[in-house]
Every structure is written in structure tokens, then in C-alpha cells.
Amino acid sequence: MSSPRRRQAAKRKQQTTGSPIPSEPVFVSVGVLRRPHSLKGEVLVSLETDFPERLQPGTRLYLGEDYIPVTIASRRGHADGLLLSLEEYPDLQAVQPLRNQPLFVSAADRPPLPEGEYYHHELLGMRVVAEDGEALGWLAEILVTGANDVYLVRGEDGEEILLPAIRDVIRKVDTAARQMSVHLLPGLRTPKKSD
């Protein structure tokens, strides 16, 4: 028997984002509602965004996997997260059932990034080629590490290459053409075994 969390994850995988571009989401996660905090309907939110400043009173958010529209009524800092109250859920009794529900913003409302920086969903699925034109595969996964991200590129033959997301390796990203040009430093690619 599967847990509710696993059922939710499976449901998410089956859902389409509604976007014409497969890796382009319609909604972007910004946090998870944790526990109610006060009789006034405040709820602790663990943040999953690099832009918490955009979560201000009056901001439209989308609650849960059904993306129910809600509006922030108030906001204040608390430890590593935020305490939010929502106009549609005015008291403790109303917010009790919201525990562990994700909060989203519309992808159209996401802040622009500086030149040369990209949201992960813009890169996933991108075709990856070496500087000499050799097709290496597709960007299948982004591993977030302490120093820099690492891109997992999976080739047609199943070969996997780990590329550090540094300037010496990632030469050009063309989001319109959905292609990334890379320079393979020595040691990044394991030699193929001959039969």
C-alpha cells in the first residue's frame, strides 16, 4: 500500500503543466504550509524560493495540487520561514486542514533572472552538444551541490556525463533553440570500453 505522499507524487507526475513547452511549468513552488501558528489563522510556511520578498500582502498564490487561488492577507518573518495569513482562510479552524499543502505562484509571475542565469525548468530537456558539434544527449537532471550545480547529460546510448555548471564548461545556452554548447574538460567523460 502506498503512502499519501507517494500517491501525491505519482499524481503530480501524471499531470500535465498545461504549457506548450514540455519542461515549462505553469506553476512554480514557493513554499509548503506547515502548521497553524495563531488563532488569527497564521500558518508557518517553509520557503522553497530564492525570492521570498515577492510574498507580500495582496499577492495571488495557488494552494495544493488543485491550484486553488488564495491571496496573502498578512506576512511576517519567523525563524527560517514566514508566517502568512490567507484572506480565504481567516482563522485557526480554517487553516488546520492546510497542513503540508504546497504553495505555488504562476510561472508567468516569476521574477526575471540576471543575464546568464536560468531557471532549472528552462534547462531540463535541452539538447547538449560539444563545441565540435558532437551530440552528447539531453540535460536529464540538475544536481544542486554546495559549490555549483552539476548537469547530468544522458546520451541516446544511455551514456551519462556529469558536467559542472561553470563557465569553463558551459559555453552557450540558447533557450530559444533549446540547446546548450559545452566544452568537455579532460576527465569529464569516461572512455568507452572496447569489446
# chains A, B, ... in the order shown; residues from 1 in each chain; ligands from 1
>>> residues_around(residues="range 80-84 of chain A", least_positions_apart="3", cutoff="7 Å", atoms="only C-alpha atoms", output="PyMOL selection string")
chain A and resi 42-47+72+74-77
>>> residues_around(residues="range 57-71 of chain A", least_positions_apart="5", cutoff="7 Å", atoms="only C-alpha atoms", output="NGL selection string")
:A and (86-88 or 101-105)
>>> residues_around(residues="Val173 in chain A", least_positions_apart="4", cutoff="9 Å", atoms="only C-alpha atoms", output="list in words")
Gly116, Leu123, Ala177, Arg178, Gln179, Met180, Ser181 and Val182 of chain A
>>> residues_around(residues="Leu113 in chain A", least_positions_apart="3", cutoff="12 Å", atoms="only C-alpha atoms", output="ChimeraX atom specification")
/A:50-51,110,116-120,122
>>> residues_around(residues="range 144-146 of chain A", least_positions_apart="4", cutoff="10 Å", atoms="only C-alpha atoms", output="PyMOL selection string")
chain A and resi 150-151+164-165
>>> write_last_selection(atoms="C-alpha atoms", output="compact mmCIF listing (two decimals), in the first residue's frame")
# COMPACT_ATOMS: atom_id res chain seq x y z
CA VAL A 150 26.02 19.74 -11.83
CA TYR A 151 24.20 18.82 -15.05
CA PRO A 164 29.80 21.14 -13.63
CA ALA A 165 27.78 24.29 -14.31
>>> residues_around(residues="Ser106 in chain A", least_positions_apart="5", cutoff="7 Å", atoms="only C-alpha atoms", output="list of chain:residue names")
A:Val26, A:Phe27, A:Val28
>>> residues_around(residues="Pro97 in chain A", least_positions_apart="6", cutoff="12 Å", atoms="only C-alpha atoms", output="JSON, numbers by chain")
{"A": [33, 34, 35, 36, 41, 43, 63, 64, 89, 91]}
>>> write_last_selection(atoms="N, CA and C atoms", output="PDB file, in the first residue's frame")
ATOM      1  N   LEU A  33       2.977  24.932   3.337  1.00  0.00           N
ATOM      2  CA  LEU A  33       2.324  25.301   4.590  1.00  0.00           C
ATOM      3  C   LEU A  33       2.627  24.218   5.607  1.00  0.00           C
ATOM      4  N   ARG A  34       3.089  24.606   6.777  1.00  0.00           N
ATOM      5  CA  ARG A  34       3.441  23.618   7.797  1.00  0.00           C
ATOM      6  C   ARG A  34       2.366  23.541   8.879  1.00  0.00           C
ATOM      7  N   ARG A  35       2.442  24.345   9.889  1.00  0.00           N
ATOM      8  CA  ARG A  35       1.485  24.224  10.991  1.00  0.00           C
ATOM      9  C   ARG A  35       0.850  25.574  11.284  1.00  0.00           C
ATOM     10  N   PRO A  36      -0.408  25.540  11.743  1.00  0.00           N
ATOM     11  CA  PRO A  36      -1.041  26.795  12.156  1.00  0.00           C
ATOM     12  C   PRO A  36      -0.250  27.414  13.306  1.00  0.00           C
ATOM     13  N   GLY A  41      -5.312  32.670  12.269  1.00  0.00           N
ATOM     14  CA  GLY A  41      -5.202  31.964  11.003  1.00  0.00           C
ATOM     15  C   GLY A  41      -3.829  32.024  10.364  1.00  0.00           C
ATOM     16  N   VAL A  43      -0.192  30.760   9.434  1.00  0.00           N
ATOM     17  CA  VAL A  43       0.368  29.423   9.243  1.00  0.00           C
ATOM     18  C   VAL A  43       1.845  29.567   8.893  1.00  0.00           C
ATOM     19  N   LEU A  63      -2.880  27.172  -4.014  1.00  0.00           N
ATOM     20  CA  LEU A  63      -2.747  26.242  -2.902  1.00  0.00           C
ATOM     21  C   LEU A  63      -3.007  24.808  -3.327  1.00  0.00           C
ATOM     22  N   GLY A  64      -2.100  23.905  -2.957  1.00  0.00           N
ATOM     23  CA  GLY A  64      -2.294  22.478  -3.159  1.00  0.00           C
ATOM     24  C   GLY A  64      -2.175  22.043  -4.600  1.00  0.00           C
ATOM     25  N   TYR A  89      -8.854  31.998   4.277  1.00  0.00           N
ATOM     26  CA  TYR A  89      -8.812  31.129   5.459  1.00  0.00           C
ATOM     27  C   TYR A  89      -8.532  32.005   6.678  1.00  0.00           C
ATOM     28  N   ASP A  91      -9.157  32.038  10.008  1.00  0.00           N
ATOM     29  CA  ASP A  91      -8.931  31.694  11.407  1.00  0.00           C
ATOM     30  C   ASP A  91      -8.272  30.326  11.547  1.00  0.00           C
TER      31      ASP A  91
END
>>> select_by_dssp(residues="range 97-182 of chain A", states="strand (DSSP E or B)", output="tab-separated table (two decimals) with C-alpha atoms, in the first residue's frame")
chain	number	residue	atom	x	y	z
A	102	PRO	CA	2.34	23.22	-1.27
A	103	LEU	CA	2.05	26.87	-2.32
A	104	PHE	CA	2.67	27.95	-5.89
A	105	VAL	CA	2.91	31.12	-7.94
A	106	SER	CA	2.08	31.40	-11.60
A	127	ARG	CA	19.89	19.22	-26.25
A	128	VAL	CA	23.59	19.25	-25.24
A	129	VAL	CA	26.36	19.38	-27.84
A	130	ALA	CA	30.13	19.60	-27.59
A	135	ALA	CA	25.66	15.47	-29.89
A	136	LEU	CA	26.13	14.40	-26.28
A	137	GLY	CA	22.48	13.91	-25.34
A	138	TRP	CA	19.86	15.73	-23.28
A	139	LEU	CA	20.04	17.52	-19.96
A	140	ALA	CA	18.17	14.96	-17.83
A	141	GLU	CA	18.75	16.20	-14.29
A	142	ILE	CA	20.27	19.08	-12.33
A	143	LEU	CA	22.10	18.17	-9.15
A	150	VAL	CA	26.02	19.74	-11.83
A	151	TYR	CA	24.20	18.82	-15.05
A	152	LEU	CA	23.51	15.17	-15.77
A	153	VAL	CA	23.51	14.66	-19.52
A	154	ARG	CA	22.08	11.39	-20.83
A	160	GLU	CA	25.75	9.68	-18.70
A	161	ILE	CA	28.06	12.65	-18.39
A	162	LEU	CA	28.25	14.89	-15.32
A	163	LEU	CA	29.04	18.50	-16.24
A	164	PRO	CA	29.80	21.14	-13.63
A	170	ILE	CA	29.05	25.62	-20.19
A	171	ARG	CA	29.87	27.78	-23.19
A	172	LYS	CA	26.49	28.81	-24.59
A	173	VAL	CA	22.85	28.35	-23.63
A	174	ASP	CA	20.26	29.05	-26.31
A	179	GLN	CA	20.41	23.80	-27.00
A	180	MET	CA	23.48	24.03	-24.79
A	181	SER	CA	27.03	24.07	-26.12
A	182	VAL	CA	29.70	22.71	-23.77
>>> closest_residue(among="A:Ala73, A:Gly133, A:Pro186, A:Gly31", to="Asn100 in chain A", atoms="only C-alpha atoms")
A:Gly31
>>> atom_distance(atom1="CA of Asp109 in chain A", atom2="CA of Asp149 in chain A")
24.3 Å
